[in-house]
file query_1.pdb (PDB, C-alpha atoms)
ATOM      1  CA  MET A 269     -13.303  63.658  24.140
ATOM      2  CA  SER A 270     -12.841  65.093  27.633
ATOM      3  CA  ALA A 271     -10.987  68.368  28.070
ATOM      4  CA  ILE A 272      -7.301  68.327  28.905
ATOM      5  CA  VAL A 273      -7.437  71.892  30.264
ATOM      6  CA  SER A 274     -10.542  73.627  31.596
ATOM      7  CA  SER A 275     -11.308  76.878  33.370
ATOM      8  CA  ASP A 276     -14.187  79.193  34.173
ATOM      9  CA  ASP A 277     -11.975  82.034  32.920
ATOM     10  CA  PRO A 278     -10.414  82.597  29.484
ATOM     11  CA  ILE A 279      -7.456  80.403  28.529
ATOM     12  CA  ALA A 280      -4.562  81.525  26.314
ATOM     13  CA  VAL A 281      -3.083  79.312  23.588
ATOM     14  CA  ILE A 282       0.297  80.058  22.012
ATOM     15  CA  GLY A 283       1.611  78.761  18.703
ATOM     16  CA  GLY A 284       5.031  78.913  17.141
ATOM     17  CA  GLY A 285       4.316  81.988  15.027
ATOM     18  CA  GLU A 286       5.098  85.624  15.646
ATOM     19  CA  THR A 287       4.297  86.665  19.224
ATOM     20  CA  HIS A 288       5.593  89.584  21.267
ATOM     21  CA  THR A 289       5.859  90.492  24.922
ATOM     22  CA  VAL A 290       2.984  92.945  24.560
ATOM     23  CA  ASP A 291       0.759  90.125  23.258
ATOM     24  CA  VAL A 292       1.553  87.984  26.282
ATOM     25  CA  ALA A 293       0.934  90.907  28.652
ATOM     26  CA  TRP A 294      -2.482  91.487  27.081
ATOM     27  CA  ALA A 295      -3.445  87.803  27.241
ATOM     28  CA  ARG A 296      -2.314  87.468  30.851
ATOM     29  CA  GLY A 297      -4.720  90.242  31.772
ATOM     30  CA  TYR A 298      -7.532  87.779  31.024
ATOM     31  CA  ALA A 299      -6.009  84.300  31.291
ATOM     32  CA  ASP A 300      -4.158  82.603  34.128
ATOM     33  CA  LEU A 301      -3.723  79.355  32.191
ATOM     34  CA  LEU A 302      -1.609  78.906  29.062
ATOM     35  CA  VAL A 303      -1.718  76.019  26.601
ATOM     36  CA  ALA A 304       1.132  75.689  24.100
ATOM     37  CA  ALA A 305       0.526  74.184  20.679
ATOM     38  CA  ASP A 306       3.590  71.989  20.119
ATOM     39  CA  GLY A 307       6.518  74.311  19.281
ATOM     40  CA  GLY A 308       4.651  77.188  20.880
ATOM     41  CA  ALA A 309       6.076  75.800  24.121
ATOM     42  CA  ASP A 310       9.521  77.101  23.191
ATOM     43  CA  ARG A 311       8.082  80.504  22.343
ATOM     44  CA  ALA A 312       6.167  80.643  25.622
ATOM     45  CA  LEU A 313       9.306  79.894  27.630
ATOM     46  CA  ASP A 314      11.251  82.517  25.666
ATOM     47  CA  LEU A 315       8.584  85.048  26.652
ATOM     48  CA  GLY A 316       8.632  84.036  30.313
ATOM     49  CA  TRP A 317       5.328  82.168  30.565
ATOM     50  CA  MET A 318       5.402  78.530  31.684
ATOM     51  CA  PRO A 319       2.737  76.511  29.817
ATOM     52  CA  ASP A 320       0.217  74.633  31.934
ATOM     53  CA  ALA A 321      -0.080  72.098  29.112
ATOM     54  CA  VAL A 322       1.596  71.369  25.793
ATOM     55  CA  ILE A 323      -0.675  69.739  23.194
ATOM     56  CA  GLY A 324       0.234  68.629  19.671
ATOM     57  CA  ASP A 325       1.959  65.974  17.617
ATOM     58  CA  PHE A 326       5.296  67.047  19.152
ATOM     59  CA  ASP A 327       7.201  67.370  15.893
ATOM     60  CA  SER A 328       8.351  70.917  16.765
ATOM     61  CA  VAL A 329       8.766  71.279  20.531
ATOM     62  CA  SER A 330      12.400  71.060  21.561
ATOM     63  CA  ALA A 331      13.854  68.514  23.959
ATOM     64  CA  THR A 332      14.975  71.423  26.137
ATOM     65  CA  ALA A 333      11.429  72.741  26.433
ATOM     66  CA  ARG A 334      10.060  69.267  27.192
ATOM     67  CA  SER A 335      12.574  68.833  29.980
ATOM     68  CA  GLU A 336      11.924  72.263  31.495
ATOM     69  CA  ILE A 337       8.142  71.890  31.356
ATOM     70  CA  GLY A 338       8.087  68.325  32.678
ATOM     71  CA  PRO A 339       6.214  65.180  31.582
ATOM     72  CA  ASP A 340       3.073  65.866  33.614
ATOM     73  CA  ARG A 341       2.279  68.865  31.377
ATOM     74  CA  LEU A 342       2.942  67.158  28.034
ATOM     75  CA  PHE A 343      -0.071  65.785  26.147
ATOM     76  CA  PRO A 344       0.958  64.317  22.773
ATOM     77  CA  ILE A 345      -1.758  63.646  20.180
ATOM     78  CA  SER A 346      -0.069  61.765  17.384
ATOM     79  CA  GLU A 347      -2.680  61.819  14.590
ATOM     80  CA  GLN A 348      -1.795  63.859  11.514
ATOM     81  CA  ASP A 349      -5.308  64.682  10.265
ATOM     82  CA  SER A 350      -5.530  67.967  12.177
ATOM     83  CA  THR A 351      -3.321  70.920  13.037
ATOM     84  CA  ASP A 352      -1.825  71.477  16.471
ATOM     85  CA  PHE A 353      -4.130  74.490  16.861
ATOM     86  CA  ASP A 354      -7.146  72.256  16.275
ATOM     87  CA  LYS A 355      -5.814  69.685  18.738
ATOM     88  CA  CYS A 356      -5.608  72.460  21.333
ATOM     89  CA  LEU A 357      -9.051  73.916  20.706
ATOM     90  CA  ARG A 358     -10.825  70.581  20.952
ATOM     91  CA  SER A 359      -8.923  69.805  24.182
ATOM     92  CA  ILE A 360      -9.839  73.039  25.992
ATOM     93  CA  GLU A 361     -13.030  73.974  27.802
ATOM     94  CA  ALA A 362     -13.260  77.675  28.629
ATOM     95  CA  PRO A 363     -15.634  80.596  28.041
ATOM     96  CA  LEU A 364     -13.087  82.164  25.675
ATOM     97  CA  ILE A 365      -9.754  81.183  24.125
ATOM     98  CA  LEU A 366      -7.104  83.787  23.261
ATOM     99  CA  GLY A 367      -4.833  82.625  20.439
ATOM    100  CA  LEU A 368      -1.297  84.006  20.116
ATOM    101  CA  GLY A 369       1.268  83.125  17.471
ATOM    102  CA  PHE A 370      -1.032  81.538  14.884
ATOM    103  CA  THR A 371      -0.760  84.228  12.201
ATOM    104  CA  GLY A 372       1.930  86.151  10.380
ATOM    105  CA  ARG A 373       4.938  83.964   9.685
ATOM    106  CA  ARG A 374       3.427  81.574   7.126
ATOM    107  CA  ILE A 375       0.327  82.180   5.036
ATOM    108  CA  ASP A 376      -0.569  78.489   4.932
ATOM    109  CA  HIS A 377      -0.502  78.301   8.738
ATOM    110  CA  THR A 378      -2.583  81.473   8.990
ATOM    111  CA  LEU A 379      -5.199  80.134   6.571
ATOM    112  CA  ALA A 380      -5.279  76.829   8.439
ATOM    113  CA  ALA A 381      -5.900  78.709  11.697
ATOM    114  CA  PHE A 382      -8.807  80.591  10.105
ATOM    115  CA  SER A 383     -10.262  77.306   8.888
ATOM    116  CA  THR A 384      -9.957  75.857  12.389
ATOM    117  CA  LEU A 385     -11.902  78.785  13.850
ATOM    118  CA  CYS A 386     -14.804  77.821  11.592
ATOM    119  CA  LEU A 387     -14.338  74.104  12.219
ATOM    120  CA  ARG A 388     -14.672  74.645  15.991
ATOM    121  CA  PRO A 389     -17.251  77.453  16.279
ATOM    122  CA  ASP A 390     -18.383  76.120  19.679
ATOM    123  CA  LYS A 391     -14.966  77.219  20.984
ATOM    124  CA  ARG A 392     -15.175  80.986  21.167
ATOM    125  CA  CYS A 393     -11.686  82.094  20.165
ATOM    126  CA  ILE A 394      -9.922  85.343  19.315
ATOM    127  CA  LEU A 395      -6.705  85.265  17.290
ATOM    128  CA  LEU A 396      -4.303  88.111  17.954
ATOM    129  CA  SER A 397      -2.163  89.125  14.980
ATOM    130  CA  GLY A 398       0.343  91.909  14.534
ATOM    131  CA  GLU A 399      -2.259  94.430  13.416
ATOM    132  CA  GLU A 400      -5.665  92.842  14.024
ATOM    133  CA  VAL A 401      -7.868  90.600  16.102
ATOM    134  CA  ILE A 402      -9.814  87.907  14.229
ATOM    135  CA  PHE A 403     -12.729  85.726  15.327
ATOM    136  CA  VAL A 404     -15.836  83.955  14.010
ATOM    137  CA  ALA A 405     -19.004  86.011  14.225
ATOM    138  CA  PRO A 406     -21.567  84.398  16.553
ATOM    139  CA  ARG A 407     -25.281  84.340  15.761
ATOM    140  CA  HIS A 408     -25.657  87.735  17.423
ATOM    141  CA  LEU A 409     -22.814  90.039  18.384
ATOM    142  CA  VAL A 410     -22.746  93.481  19.987
ATOM    143  CA  LEU A 411     -19.513  95.500  19.916
ATOM    144  CA  GLU A 412     -18.850  98.911  21.421
ATOM    145  CA  LEU A 413     -16.236 100.477  19.141
ATOM    146  CA  SER A 414     -14.881 103.845  18.079
ATOM    147  CA  GLU A 415     -16.692 105.767  15.376
ATOM    148  CA  GLY A 416     -14.845 105.447  12.070
ATOM    149  CA  MET A 417     -12.880 102.342  13.126
ATOM    150  CA  ALA A 418     -12.002  99.906  10.334
ATOM    151  CA  PHE A 419     -14.275  96.848  10.326
ATOM    152  CA  SER A 420     -13.733  93.938   7.942
ATOM    153  CA  LEU A 421     -15.788  90.831   7.336
ATOM    154  CA  TYR A 422     -14.387  87.868   5.449
ATOM    155  CA  PRO A 423     -16.510  84.800   4.621
ATOM    156  CA  MET A 424     -14.976  81.337   4.795
ATOM    157  CA  ALA A 425     -18.020  79.803   3.057
ATOM    158  CA  PRO A 426     -21.354  81.137   1.747
ATOM    159  CA  VAL A 427     -22.955  83.029   4.627
ATOM    160  CA  ALA A 428     -25.571  85.748   5.024
ATOM    161  CA  GLY A 429     -26.450  88.142   7.803
ATOM    162  CA  ARG A 430     -27.452  91.658   8.699
ATOM    163  CA  SER A 431     -25.878  94.543  10.545
ATOM    164  CA  GLN A 432     -26.514  97.753  12.407
ATOM    165  CA  GLY A 433     -23.882 100.421  12.974
ATOM    166  CA  LEU A 434     -21.732  99.887   9.876
ATOM    167  CA  VAL A 435     -21.280 102.553   7.208
ATOM    168  CA  TRP A 436     -22.164  99.935   4.567
ATOM    169  CA  PRO A 437     -24.792  97.514   5.933
ATOM    170  CA  VAL A 438     -24.566  93.846   4.969
ATOM    171  CA  ASP A 439     -28.299  93.114   5.032
ATOM    172  CA  GLY A 440     -29.474  90.811   2.260
ATOM    173  CA  ILE A 441     -25.969  90.129   0.945
ATOM    174  CA  THR A 442     -24.744  86.548   0.716
ATOM    175  CA  MET A 443     -20.960  86.567   0.907
ATOM    176  CA  GLN A 444     -18.494  83.839  -0.060
ATOM    177  CA  PRO A 445     -14.713  83.590  -0.566
ATOM    178  CA  ASP A 446     -14.903  83.576  -4.372
ATOM    179  CA  GLY A 447     -17.621  86.211  -4.518
ATOM    180  CA  ARG A 448     -18.720  89.164  -2.415
ATOM    181  CA  VAL A 449     -16.594  89.878   0.675
ATOM    182  CA  GLY A 450     -16.871  92.594   3.292
ATOM    183  CA  THR A 451     -13.426  94.090   3.776
ATOM    184  CA  SER A 452     -12.708  97.762   4.499
ATOM    185  CA  ASN A 453     -16.064  98.638   6.038
ATOM    186  CA  ARG A 454     -16.203 101.175   8.869
ATOM    187  CA  VAL A 455     -18.039 101.785  12.127
ATOM    188  CA  ASP A 456     -20.808 104.354  11.729
ATOM    189  CA  GLN A 457     -21.754 107.167  14.088
ATOM    190  CA  GLY A 458     -22.235 106.143  17.694
ATOM    191  CA  GLY A 459     -19.738 103.293  17.637
ATOM    192  CA  ARG A 460     -22.169 100.476  18.478
ATOM    193  CA  VAL A 461     -22.162  97.608  15.977
ATOM    194  CA  GLU A 462     -24.578  94.672  15.950
ATOM    195  CA  LEU A 463     -24.279  91.637  13.686
ATOM    196  CA  TRP A 464     -26.554  88.666  13.070
ATOM    197  CA  TYR A 465     -25.392  85.627  11.062
ATOM    198  CA  ASP A 466     -27.022  82.398   9.906
ATOM    199  CA  ALA A 467     -23.902  80.188  10.086
ATOM    200  CA  PRO A 468     -20.480  80.226  11.806
ATOM    201  CA  LYS A 469     -18.580  81.057   8.626
ATOM    202  CA  MET A 470     -17.902  84.791   8.843
ATOM    203  CA  LEU A 471     -14.595  86.103  10.176
ATOM    204  CA  VAL A 472     -14.617  89.490  11.876
ATOM    205  CA  MET A 473     -11.342  91.404  11.591
ATOM    206  CA  LEU A 474     -10.793  94.452  13.797
ATOM    207  CA  PRO A 475      -7.792  96.645  14.620
ATOM    208  CA  ARG A 476      -5.716  95.638  17.646
ATOM    209  CA  ASP A 477      -7.171  98.617  19.499
ATOM    210  CA  ALA A 478     -10.471  96.733  19.550
ATOM    211  CA  ALA A 479      -9.093  93.640  21.314
ATOM    212  CA  ASP A 480     -10.764  94.388  24.645
ATOM    213  CA  ALA A 481     -14.055  95.231  22.949
ATOM    214  CA  ALA A 482     -13.867  91.910  21.084
ATOM    215  CA  VAL A 483     -13.378  90.035  24.361
ATOM    216  CA  ALA A 484     -16.359  91.781  25.941
ATOM    217  CA  GLY A 485     -18.564  91.157  22.917
ATOM    218  CA  LEU A 486     -17.717  87.476  22.549
ATOM    219  CA  MET A 487     -17.984  86.747  26.267
ATOM    220  CA  ALA A 488     -21.533  88.114  26.193
ATOM    221  CA  ALA A 489     -22.525  86.285  22.988
ATOM    222  CA  GLU A 490     -24.101  82.855  22.745
ATOM    223  CA  ARG A 491     -21.794  80.091  21.512
ATOM    224  CA  TRP A 492     -22.420  78.258  18.259
ATOM    225  CA  GLY A 493     -23.205  74.603  18.712
TER     226      GLY A 493
END

call {"tool": "encode", "arguments": {"input": "query_1.pdb", "output": "structure tokens"}}
result
Amino acid sequence: MSAIVSSDDPIAVIGGGETHTVDVAWARGYADLLVAADGGADRALDLGWMPDAVIGDFDSVSATARSEIGPDRLFPISEQDSTDFDKCLRSIEAPLILGLGFTGRRIDHTLAAFSTLCLRPDKRCILLSGEEVIFVAPRHLVLELSEGMAFSLYPMAPVAGRSQGLVWPVDGITMQPDGRVGTSNRVDQGGRVELWYDAPKMLVMLPRDAADAAVAGLMAAERWG
């Protein structure tokens, strides 16, 4: 499937969940283009950002938003076997995708977004939530963080790796959702963290203060797939 929206720079994607002006301001510092996932179009317009494309099954976007945005920017995908977030990710080609409004309001939607991150690991994507940034760990990741910063790892399937720069290293530990997880770790002295993973199944969860560091780390990392 060819991309609907492509850029050599990061692209922002907005959903219908909780998003604030400060989130949009942060995303616009990296992304000139905005894709709305269905009803995220209404949220984007409310926040003063005109979507360059609206992608989804169009069961949530309002008639008012459709009219204001115009037909040339509307890209309906009618199948019901995937979420609107997934439809957006697979339709975008960019070095990094910044996801806004895909966490917080409904747990089922948040879990579905996490699953989509692992389903599309070739699409490097950061989800911005109210308190954290979340993304799939690449094969090798380097992050420059603050000493003592909270650092959580949550597996979406059995996955193993190793680390440098964490208070509690993960070397030799296979993690899985119904077994060992890696929440509430911390950054060790020096602030530099390195991770290596054998599959795209580990979510990294960092405080919002680490959003820029996450962008820098993922942009420098090799994509999965």

call {"tool": "resolve_selection", "arguments": {"input": "query_1.pdb", "expression": "the PyMOL selection byres ((chain A and resi 304) around 9)", "output": "PyMOL selection string"}}
result
chain A and resi 280-284+302-303+305-312+319-324+356

call {"tool": "closest_residue", "arguments": {"input": "query_1.pdb", "among": "A:Ala381, A:Ile402, A:Ile272, A:Leu421", "to": "Gln444 in chain A", "atoms": "all atoms listed in the file"}}
result
A:Leu421

call {"tool": "closest_residue", "arguments": {"input": "query_1.pdb", "among": "A:Ser328, A:Met417, A:Lys469, A:Ser397", "to": "Arg373 in chain A", "atoms": "all atoms listed in the file"}}
result
A:Ser397

call {"tool": "atom_distance", "arguments": {"input": "query_1.pdb", "atom1": "CA of Asp276 in chain A", "atom2": "CA of Met487 in chain A"}}
result
11.6 Å

call {"tool": "residues_around", "arguments": {"input": "query_1.pdb", "residues": "range 285-300 of chain A", "least_positions_apart": "4", "cutoff": "8 Å", "atoms": "all atoms listed in the file", "output": "PDB file with C-alpha atoms, keeping the file's coordinate frame"}}
result
ATOM      1  CA  ASP A 277     -11.975  82.034  32.920  1.00  0.00           C
ATOM      2  CA  PRO A 278     -10.414  82.597  29.484  1.00  0.00           C
ATOM      3  CA  ILE A 279      -7.456  80.403  28.529  1.00  0.00           C
ATOM      4  CA  ALA A 280      -4.562  81.525  26.314  1.00  0.00           C
ATOM      5  CA  GLY A 308       4.651  77.188  20.880  1.00  0.00           C
ATOM      6  CA  ARG A 311       8.082  80.504  22.343  1.00  0.00           C
ATOM      7  CA  LEU A 315       8.584  85.048  26.652  1.00  0.00           C
ATOM      8  CA  LEU A 366      -7.104  83.787  23.261  1.00  0.00           C
ATOM      9  CA  LEU A 368      -1.297  84.006  20.116  1.00  0.00           C
ATOM     10  CA  GLY A 369       1.268  83.125  17.471  1.00  0.00           C
ATOM     11  CA  PHE A 370      -1.032  81.538  14.884  1.00  0.00           C
ATOM     12  CA  THR A 371      -0.760  84.228  12.201  1.00  0.00           C
ATOM     13  CA  GLY A 372       1.930  86.151  10.380  1.00  0.00           C
ATOM     14  CA  ARG A 373       4.938  83.964   9.685  1.00  0.00           C
ATOM     15  CA  ARG A 374       3.427  81.574   7.126  1.00  0.00           C
ATOM     16  CA  LEU A 396      -4.303  88.111  17.954  1.00  0.00           C
ATOM     17  CA  GLY A 398       0.343  91.909  14.534  1.00  0.00           C
TER      18      GLY A 398
END

call {"tool": "residues_around", "arguments": {"input": "query_1.pdb", "residues": "range 454-459 of chain A", "least_positions_apart": "4", "cutoff": "9 Å", "atoms": "all atoms listed in the file", "output": "JSON, numbers by chain"}}
result
{"A": [411, 412, 413, 414, 415, 416, 417, 418, 419, 420, 432, 433, 434, 435, 436]}

call {"tool": "atom_distance", "arguments": {"input": "query_1.pdb", "atom1": "CA of Thr351 in chain A", "atom2": "CA of Glu400 in chain A"}}
result
22.1 Å

call {"tool": "closest_residue", "arguments": {"input": "query_1.pdb", "among": "A:His408, A:Arg460, A:Arg476, A:Lys355", "to": "Phe343 in chain A", "atoms": "only C-alpha atoms"}}
result
A:Lys355

call {"tool": "residues_around", "arguments": {"input": "query_1.pdb", "residues": "Ala467 in chain A", "least_positions_apart": "3", "cutoff": "10 Å", "atoms": "only C-alpha atoms", "output": "VMD selection string"}}
result
chain A and resid 386 389 404 to 407 425 to 429 464 470 492

call {"tool": "residues_around", "arguments": {"input": "query_1.pdb", "residues": "Ser274 in chain A", "least_positions_apart": "5", "cutoff": "7 Å", "atoms": "all atoms listed in the file", "output": "VMD selection string"}}
result
chain A and resid 360 to 362

call {"tool": "write_last_selection", "arguments": {"input": "query_1.pdb", "atoms": "C-alpha atoms", "output": "PDB file, keeping the file's coordinate frame"}}
result
ATOM      1  CA  ILE A 360      -9.839  73.039  25.992  1.00  0.00           C
ATOM      2  CA  GLU A 361     -13.030  73.974  27.802  1.00  0.00           C
ATOM      3  CA  ALA A 362     -13.260  77.675  28.629  1.00  0.00           C
TER       4      ALA A 362
END

call {"tool": "atom_distance", "arguments": {"input": "query_1.pdb", "atom1": "CA of Glu399 in chain A", "atom2": "CA of Pro445 in chain A"}}
result
21.6 Å

call {"tool": "resolve_selection", "arguments": {"input": "query_1.pdb", "expression": "the PyMOL selection byres ((chain A and resi 391-394) around 7)", "output": "list of chain:residue names"}}
result
A:Leu357, A:Pro363, A:Leu364, A:Ile365, A:Leu366, A:Gly367, A:Arg388, A:Pro389, A:Asp390, A:Leu395, A:Leu396, A:Val401, A:Ile402, A:Phe403, A:Arg491

call {"tool": "resolve_selection", "arguments": {"input": "query_1.pdb", "expression": "the PyMOL selection byres ((chain A and resi 451) around 7)", "output": "JSON, numbers by chain"}}
result
{"A": [420, 421, 422, 449, 450, 452, 453]}

call {"tool": "write_last_selection", "arguments": {"input": "query_1.pdb", "atoms": "C-alpha atoms", "output": "short mmCIF file (atom, residue, chain, number, x, y, z; two decimals), keeping the file's coordinate frame"}}
result
data_model
loop_
_atom_site.label_atom_id
_atom_site.label_comp_id
_atom_site.auth_asym_id
_atom_site.auth_seq_id
_atom_site.Cartn_x
_atom_site.Cartn_y
_atom_site.Cartn_z
CA SER A 420 -13.73 93.94 7.94
CA LEU A 421 -15.79 90.83 7.34
CA TYR A 422 -14.39 87.87 5.45
CA VAL A 449 -16.59 89.88 0.68
CA GLY A 450 -16.87 92.59 3.29
CA SER A 452 -12.71 97.76 4.50
CA ASN A 453 -16.06 98.64 6.04
#

call {"tool": "closest_residue", "arguments": {"input": "query_1.pdb", "among": "A:Ala489, A:Met424, A:Leu379, A:Val273", "to": "Arg358 in chain A", "atoms": "only C-alpha atoms"}}
result
A:Val273

call {"tool": "closest_residue", "arguments": {"input": "query_1.pdb", "among": "A:Val461, A:Arg430, A:Ala484, A:Met318", "to": "Thr442 in chain A", "atoms": "all atoms listed in the file"}}
result
A:Arg430

call {"tool": "axis_aligned_box", "arguments": {"input": "query_1.pdb", "around": "range 468-471 of chain A", "padding_each_side": "6 Å", "output": "lines of an AutoDock Vina configuration file"}}
result
center_x = -17.5
center_y = 83.2
center_z = 10.2
size_x = 17.9
size_y = 17.9
size_z = 15.2

call {"tool": "closest_residue", "arguments": {"input": "query_1.pdb", "among": "A:Met443, A:Leu486, A:Leu387, A:Ala331", "to": "Leu409 in chain A", "atoms": "all atoms listed in the file"}}
result
A:Leu486

call {"tool": "decode", "arguments": {"input": "query_1.pdb", "residues": "range 396-407 of chain A", "atoms": "N, CA and C atoms", "output": "mmCIF file, in the first residue's frame"}}
result
data_model
loop_
_atom_site.group_PDB
_atom_site.id
_atom_site.type_symbol
_atom_site.label_atom_id
_atom_site.label_comp_id
_atom_site.auth_asym_id
_atom_site.auth_seq_id
_atom_site.Cartn_x
_atom_site.Cartn_y
_atom_site.Cartn_z
ATOM 1 N N LEU A 396 2.315 10.367 23.061
ATOM 2 C CA LEU A 396 2.391 11.344 24.142
ATOM 3 C C LEU A 396 1.136 11.212 24.986
ATOM 4 N N SER A 397 1.313 10.896 26.273
ATOM 5 C CA SER A 397 0.179 10.827 27.190
ATOM 6 C C SER A 397 0.259 11.987 28.173
ATOM 7 N N GLY A 398 -0.663 12.012 29.118
ATOM 8 C CA GLY A 398 -0.677 13.102 30.076
ATOM 9 C C GLY A 398 0.568 13.196 30.923
ATOM 10 N N GLU A 399 1.154 12.045 31.258
ATOM 11 C CA GLU A 399 2.304 12.024 32.157
ATOM 12 C C GLU A 399 3.556 11.412 31.538
ATOM 13 N N GLU A 400 3.405 10.693 30.417
ATOM 14 C CA GLU A 400 4.521 9.912 29.894
ATOM 15 C C GLU A 400 4.610 9.981 28.381
ATOM 16 N N VAL A 401 5.756 9.521 27.881
ATOM 17 C CA VAL A 401 5.910 9.208 26.463
ATOM 18 C C VAL A 401 6.161 7.700 26.370
ATOM 19 N N ILE A 402 5.567 7.081 25.335
ATOM 20 C CA ILE A 402 5.614 5.619 25.206
ATOM 21 C C ILE A 402 6.005 5.276 23.777
ATOM 22 N N PHE A 403 6.899 4.297 23.620
ATOM 23 C CA PHE A 403 7.302 3.858 22.289
ATOM 24 C C PHE A 403 7.870 2.450 22.379
ATOM 25 N N VAL A 404 7.989 1.790 21.218
ATOM 26 C CA VAL A 404 8.575 0.451 21.149
ATOM 27 C C VAL A 404 10.094 0.572 21.108
ATOM 28 N N ALA A 405 10.763 -0.194 21.941
ATOM 29 C CA ALA A 405 12.220 -0.187 21.935
ATOM 30 C C ALA A 405 12.741 -0.768 20.631
ATOM 31 N N PRO A 406 13.645 -0.062 19.938
ATOM 32 C CA PRO A 406 14.284 -0.627 18.751
ATOM 33 C C PRO A 406 15.338 -1.660 19.153
ATOM 34 N N ARG A 407 15.995 -2.240 18.151
ATOM 35 C CA ARG A 407 17.041 -3.222 18.457
ATOM 36 C C ARG A 407 18.102 -2.636 19.384
#
